[in-house]
$ cat entry.cif   # mmCIF, C-alpha atoms, pLDDT in the B column; chains and numbers go by the auth columns
data_input
#
loop_
_atom_site.group_PDB
_atom_site.id
_atom_site.type_symbol
_atom_site.label_atom_id
_atom_site.label_comp_id
_atom_site.label_asym_id
_atom_site.label_seq_id
_atom_site.Cartn_x
_atom_site.Cartn_y
_atom_site.Cartn_z
_atom_site.B_iso_or_equiv
_atom_site.auth_seq_id
_atom_site.auth_asym_id
ATOM 1 C CA MET A 1 18.483 10.993 17.582 52.00 1 A
ATOM 2 C CA GLY A 2 19.938 13.888 15.609 52.00 2 A
ATOM 3 C CA HIS A 3 19.951 13.987 11.831 53.00 3 A
ATOM 4 C CA ASP A 4 23.227 14.370 9.978 51.00 4 A
ATOM 5 C CA LYS A 5 22.958 17.233 7.465 53.00 5 A
ATOM 6 C CA LYS A 6 25.277 15.394 5.026 54.00 6 A
ATOM 7 C CA LYS A 7 23.261 12.185 5.109 54.00 7 A
ATOM 8 C CA PRO A 8 23.629 10.311 1.807 57.00 8 A
ATOM 9 C CA LYS A 9 20.473 9.714 -0.216 59.00 9 A
ATOM 10 C CA LEU A 10 19.594 6.251 -1.516 60.00 10 A
ATOM 11 C CA PRO A 11 16.971 6.785 -4.231 61.00 11 A
ATOM 12 C CA LEU A 12 18.651 4.407 -6.688 68.00 12 A
ATOM 13 C CA VAL A 13 19.057 1.671 -4.091 67.00 13 A
ATOM 14 C CA TYR A 14 15.557 2.027 -2.700 73.00 14 A
ATOM 15 C CA ARG A 15 13.683 2.348 -6.000 76.00 15 A
ATOM 16 C CA PRO A 16 13.892 -1.309 -7.070 80.00 16 A
ATOM 17 C CA VAL A 17 13.144 -2.425 -3.519 76.00 17 A
ATOM 18 C CA GLY A 18 10.235 0.003 -3.314 78.00 18 A
ATOM 19 C CA PHE A 19 8.920 -1.081 -6.709 82.00 19 A
ATOM 20 C CA ALA A 20 9.040 -4.777 -5.824 86.00 20 A
ATOM 21 C CA LEU A 21 7.437 -4.212 -2.437 85.00 21 A
ATOM 22 C CA GLY A 22 4.796 -1.954 -4.000 86.00 22 A
ATOM 23 C CA TRP A 23 3.889 -4.604 -6.547 89.00 23 A
ATOM 24 C CA ALA A 24 3.746 -7.312 -3.885 89.00 24 A
ATOM 25 C CA SER A 25 1.701 -5.136 -1.543 91.00 25 A
ATOM 26 C CA GLY A 26 -0.784 -4.370 -4.332 91.00 26 A
ATOM 27 C CA ALA A 27 -1.225 -8.060 -5.065 92.00 27 A
ATOM 28 C CA LEU A 28 -1.602 -8.859 -1.364 92.00 28 A
ATOM 29 C CA ALA A 29 -4.098 -6.020 -0.863 93.00 29 A
ATOM 30 C CA GLY A 30 -6.142 -7.216 -3.845 93.00 30 A
ATOM 31 C CA TYR A 31 -6.275 -10.717 -2.410 93.00 31 A
ATOM 32 C CA ALA A 32 -7.147 -9.395 1.062 93.00 32 A
ATOM 33 C CA PHE A 33 -9.916 -7.227 -0.386 94.00 33 A
ATOM 34 C CA ARG A 34 -11.483 -10.109 -2.318 93.00 34 A
ATOM 35 C CA ALA A 35 -11.313 -12.386 0.724 94.00 35 A
ATOM 36 C CA THR A 36 -12.724 -9.700 3.027 93.00 36 A
ATOM 37 C CA TRP A 37 -15.555 -8.858 0.629 93.00 37 A
ATOM 38 C CA LYS A 38 -16.430 -12.538 0.304 93.00 38 A
ATOM 39 C CA ALA A 39 -16.462 -12.907 4.108 94.00 39 A
ATOM 40 C CA ILE A 40 -18.607 -9.785 4.621 90.00 40 A
ATOM 41 C CA ARG A 41 -21.063 -10.085 1.732 90.00 41 A
ATOM 42 C CA HIS A 42 -20.706 -13.764 0.726 91.00 42 A
ATOM 43 C CA GLU A 43 -20.112 -12.674 -2.886 90.00 43 A
ATOM 44 C CA ASP A 44 -17.152 -13.391 -5.144 89.00 44 A
ATOM 45 C CA ASP A 45 -17.293 -10.044 -6.960 88.00 45 A
ATOM 46 C CA ALA A 46 -17.308 -6.682 -5.229 90.00 46 A
ATOM 47 C CA PRO A 47 -19.233 -3.846 -6.877 90.00 47 A
ATOM 48 C CA ASP A 48 -17.571 -0.977 -8.636 87.00 48 A
ATOM 49 C CA ALA A 49 -18.908 2.465 -9.507 91.00 49 A
ATOM 50 C CA LEU A 50 -20.394 1.336 -12.837 93.00 50 A
ATOM 51 C CA ASP A 51 -22.380 -1.640 -11.505 90.00 51 A
ATOM 52 C CA ARG A 52 -25.915 -0.579 -12.386 92.00 52 A
ATOM 53 C CA ASP A 53 -27.568 -3.176 -10.133 92.00 53 A
ATOM 54 C CA ARG A 54 -25.701 -2.128 -6.990 92.00 54 A
ATOM 55 C CA GLY A 55 -26.707 0.681 -4.658 93.00 55 A
ATOM 56 C CA TRP A 56 -24.629 3.619 -3.528 95.00 56 A
ATOM 57 C CA GLY A 57 -24.025 2.065 -0.120 93.00 57 A
ATOM 58 C CA GLU A 58 -22.529 -1.139 -1.542 92.00 58 A
ATOM 59 C CA VAL A 59 -20.380 0.725 -4.053 94.00 59 A
ATOM 60 C CA LEU A 60 -19.047 3.175 -1.464 95.00 60 A
ATOM 61 C CA LEU A 61 -18.476 0.452 1.141 93.00 61 A
ATOM 62 C CA ALA A 62 -16.469 -1.571 -1.385 94.00 62 A
ATOM 63 C CA ALA A 63 -14.442 1.486 -2.412 95.00 63 A
ATOM 64 C CA ALA A 64 -13.702 2.469 1.198 95.00 64 A
ATOM 65 C CA LEU A 65 -12.704 -1.058 2.168 94.00 65 A
ATOM 66 C CA GLN A 66 -10.513 -1.467 -0.897 94.00 66 A
ATOM 67 C CA GLY A 67 -8.854 1.912 -0.353 95.00 67 A
ATOM 68 C CA ALA A 68 -8.160 1.193 3.301 95.00 68 A
ATOM 69 C CA LEU A 69 -6.628 -2.206 2.581 95.00 69 A
ATOM 70 C CA PHE A 70 -4.437 -0.815 -0.210 94.00 70 A
ATOM 71 C CA ALA A 71 -3.263 2.060 2.017 94.00 71 A
ATOM 72 C CA VAL A 72 -2.386 -0.315 4.855 94.00 72 A
ATOM 73 C CA ALA A 73 -0.566 -2.701 2.499 93.00 73 A
ATOM 74 C CA ARG A 74 1.366 0.158 0.875 91.00 74 A
ATOM 75 C CA SER A 75 2.394 1.604 4.237 92.00 75 A
ATOM 76 C CA LEU A 76 3.440 -1.836 5.474 91.00 76 A
ATOM 77 C CA ALA A 77 5.527 -2.413 2.338 89.00 77 A
ATOM 78 C CA ASP A 78 7.114 1.049 2.421 87.00 78 A
ATOM 79 C CA ARG A 79 7.988 0.774 6.087 90.00 79 A
ATOM 80 C CA THR A 80 9.358 -2.767 5.734 89.00 80 A
ATOM 81 C CA GLY A 81 11.508 -1.728 2.769 86.00 81 A
ATOM 82 C CA ALA A 82 12.800 1.372 4.518 86.00 82 A
ATOM 83 C CA LYS A 83 13.701 -0.615 7.635 90.00 83 A
ATOM 84 C CA ALA A 84 15.527 -3.220 5.500 86.00 84 A
ATOM 85 C CA ILE A 85 17.512 -0.517 3.694 84.00 85 A
ATOM 86 C CA GLU A 86 18.353 1.160 6.989 86.00 86 A
ATOM 87 C CA ARG A 87 19.533 -2.134 8.510 88.00 87 A
ATOM 88 C CA SER A 88 21.710 -2.974 5.496 84.00 88 A
ATOM 89 C CA THR A 89 23.151 0.512 4.821 83.00 89 A
ATOM 90 C CA GLY A 90 22.639 2.495 8.007 84.00 90 A
ATOM 91 C CA VAL A 91 20.729 5.172 6.058 82.00 91 A
ATOM 92 C CA TRP A 92 16.982 5.792 6.115 83.00 92 A
ATOM 93 C CA PRO A 93 15.821 6.117 2.475 81.00 93 A
ATOM 94 C CA GLY A 94 13.173 8.798 3.067 72.00 94 A
ATOM 95 C CA SER A 95 13.433 12.553 2.888 65.00 95 A
ATOM 96 C CA ASP A 96 14.731 14.582 5.826 60.00 96 A
ATOM 97 C CA ASP A 97 11.252 15.860 6.671 58.00 97 A
ATOM 98 C CA GLY A 98 10.008 12.301 7.229 55.00 98 A
ATOM 99 C CA GLY A 99 7.675 12.098 4.222 57.00 99 A
ATOM 100 C CA ARG A 100 7.810 10.907 0.665 55.00 100 A
ATOM 101 C CA ASP A 101 10.188 12.686 -1.728 49.00 101 A
#

$ encode --input "entry.cif" --output "C-alpha cells"
Amino acid sequence: MGHDKKKPKLPLVYRPVGFALGWASGALAGYAFRATWKAIRHEDDAPDALDRDRGWGEVLLAAALQGALFAVARSLADRTGAKAIERSTGVWPGSDDGGRD
C-alpha cells in the first residue's frame, strides 16, 4: 500500500484515546504483574530496588518481569487504539515513518 503525502494527521483525535488506553493498559499491566509474581513466587508483594532483605536476583527478576508486562500492555493498547482510529476515520494516527511522533 502506498502512503499519501497529504495524509491528514490526527493528534487531537488520538490523544484522548491514547491517554485512556494508556491508563487502562497501565492498570491492567499492574494487575497482571501482581498476579504473575504471586503465581511465580507465592508472595503478595514483589521486591523493589530498595528492599534491603531481597537479593539482586529477586529485584532484577521483578523489574524485568514488570517492564516486560508494561511494554506488552502499552503496545497492545497503542495498536488497538490506532486500529480503532483507522477503522473509524480511514487514517492511521502514527507518523509517516511508522514510529511514535

$ atom_distance --input "entry.cif" --atom1 "atom CA of A:Lys38" --atom2 "atom CA of A:Glu58"
13.1 Å

$ residues_around --input "entry.cif" --residues "A:Ala24" --least-positions-apart "4" --cutoff "10 Å" --atoms "all atoms listed in the file" --output "number ranges by chain"
A: 18-20, 28-30, 73-74, 77

$ closest_residue --input "entry.cif" --among "A:Gly81, A:Ser88, A:Pro93, A:Leu65" --to "A:Val17" --atoms "all atoms listed in the file"
A:Gly81

$ resolve_selection --input "entry.cif" --expression "the PyMOL selection byres ((chain A and resi 32-35) around 12)" --output "MDAnalysis selection string"
chainID A and resid 25:31 36:47 61:73

$ resolve_selection --input "entry.cif" --expression "the PyMOL selection byres ((chain A and resi 82) around 9)" --output "PyMOL selection string"
chain A and resi 14+17-18+77-81+83-87+91-94

$ atom_distance --input "entry.cif" --atom1 "atom CA of A:Asp48" --atom2 "atom CA of A:Leu60"
8.4 Å

$ decode --input "entry.cif" --residues "stretch 19-58 of chain A" --atoms "C-alpha atoms" --output "PDB file, in the first residue's frame"
ATOM      1  CA  PHE A  19      -4.434   8.583  27.091  1.00  0.00           C
ATOM      2  CA  ALA A  20      -7.411   6.442  28.094  1.00  0.00           C
ATOM      3  CA  LEU A  21      -5.891   3.301  26.615  1.00  0.00           C
ATOM      4  CA  GLY A  22      -2.537   4.089  28.241  1.00  0.00           C
ATOM      5  CA  TRP A  23      -4.158   4.464  31.642  1.00  0.00           C
ATOM      6  CA  ALA A  24      -6.141   1.252  31.205  1.00  0.00           C
ATOM      7  CA  SER A  25      -3.105  -0.651  29.957  1.00  0.00           C
ATOM      8  CA  GLY A  26      -1.062   0.527  32.955  1.00  0.00           C
ATOM      9  CA  ALA A  27      -3.740  -0.669  35.353  1.00  0.00           C
ATOM     10  CA  LEU A  28      -4.038  -3.994  33.528  1.00  0.00           C
ATOM     11  CA  ALA A  29      -0.253  -4.455  33.461  1.00  0.00           C
ATOM     12  CA  GLY A  30      -0.042  -3.722  37.191  1.00  0.00           C
ATOM     13  CA  TYR A  31      -2.695  -6.327  37.903  1.00  0.00           C
ATOM     14  CA  ALA A  32      -1.018  -8.849  35.581  1.00  0.00           C
ATOM     15  CA  PHE A  33       2.346  -8.250  37.253  1.00  0.00           C
ATOM     16  CA  ARG A  34       0.962  -8.770  40.761  1.00  0.00           C
ATOM     17  CA  ALA A  35      -0.861 -11.933  39.691  1.00  0.00           C
ATOM     18  CA  THR A  36       2.194 -13.276  37.853  1.00  0.00           C
ATOM     19  CA  TRP A  37       4.517 -12.537  40.773  1.00  0.00           C
ATOM     20  CA  LYS A  38       2.123 -14.257  43.167  1.00  0.00           C
ATOM     21  CA  ALA A  39       1.959 -17.309  40.871  1.00  0.00           C
ATOM     22  CA  ILE A  40       5.754 -17.484  40.454  1.00  0.00           C
ATOM     23  CA  ARG A  41       6.930 -16.658  43.976  1.00  0.00           C
ATOM     24  CA  HIS A  42       3.768 -17.240  46.058  1.00  0.00           C
ATOM     25  CA  GLU A  43       4.168 -13.751  47.561  1.00  0.00           C
ATOM     26  CA  ASP A  44       1.733 -10.846  47.541  1.00  0.00           C
ATOM     27  CA  ASP A  45       4.421  -8.154  47.315  1.00  0.00           C
ATOM     28  CA  ALA A  46       7.144  -8.080  44.692  1.00  0.00           C
ATOM     29  CA  PRO A  47      10.517  -6.627  45.677  1.00  0.00           C
ATOM     30  CA  ASP A  48      11.729  -3.267  44.523  1.00  0.00           C
ATOM     31  CA  ALA A  49      15.247  -1.854  44.370  1.00  0.00           C
ATOM     32  CA  LEU A  50      15.162  -0.548  47.956  1.00  0.00           C
ATOM     33  CA  ASP A  51      14.051  -3.791  49.634  1.00  0.00           C
ATOM     34  CA  ARG A  52      17.020  -4.466  51.899  1.00  0.00           C
ATOM     35  CA  ASP A  53      16.032  -8.083  52.605  1.00  0.00           C
ATOM     36  CA  ARG A  54      15.815  -9.089  48.943  1.00  0.00           C
ATOM     37  CA  GLY A  55      18.720 -10.198  46.782  1.00  0.00           C
ATOM     38  CA  TRP A  56      19.816  -8.790  43.459  1.00  0.00           C
ATOM     39  CA  GLY A  57      18.312 -11.712  41.563  1.00  0.00           C
ATOM     40  CA  GLU A  58      14.821 -11.208  43.006  1.00  0.00           C
TER      41      GLU A  58
END
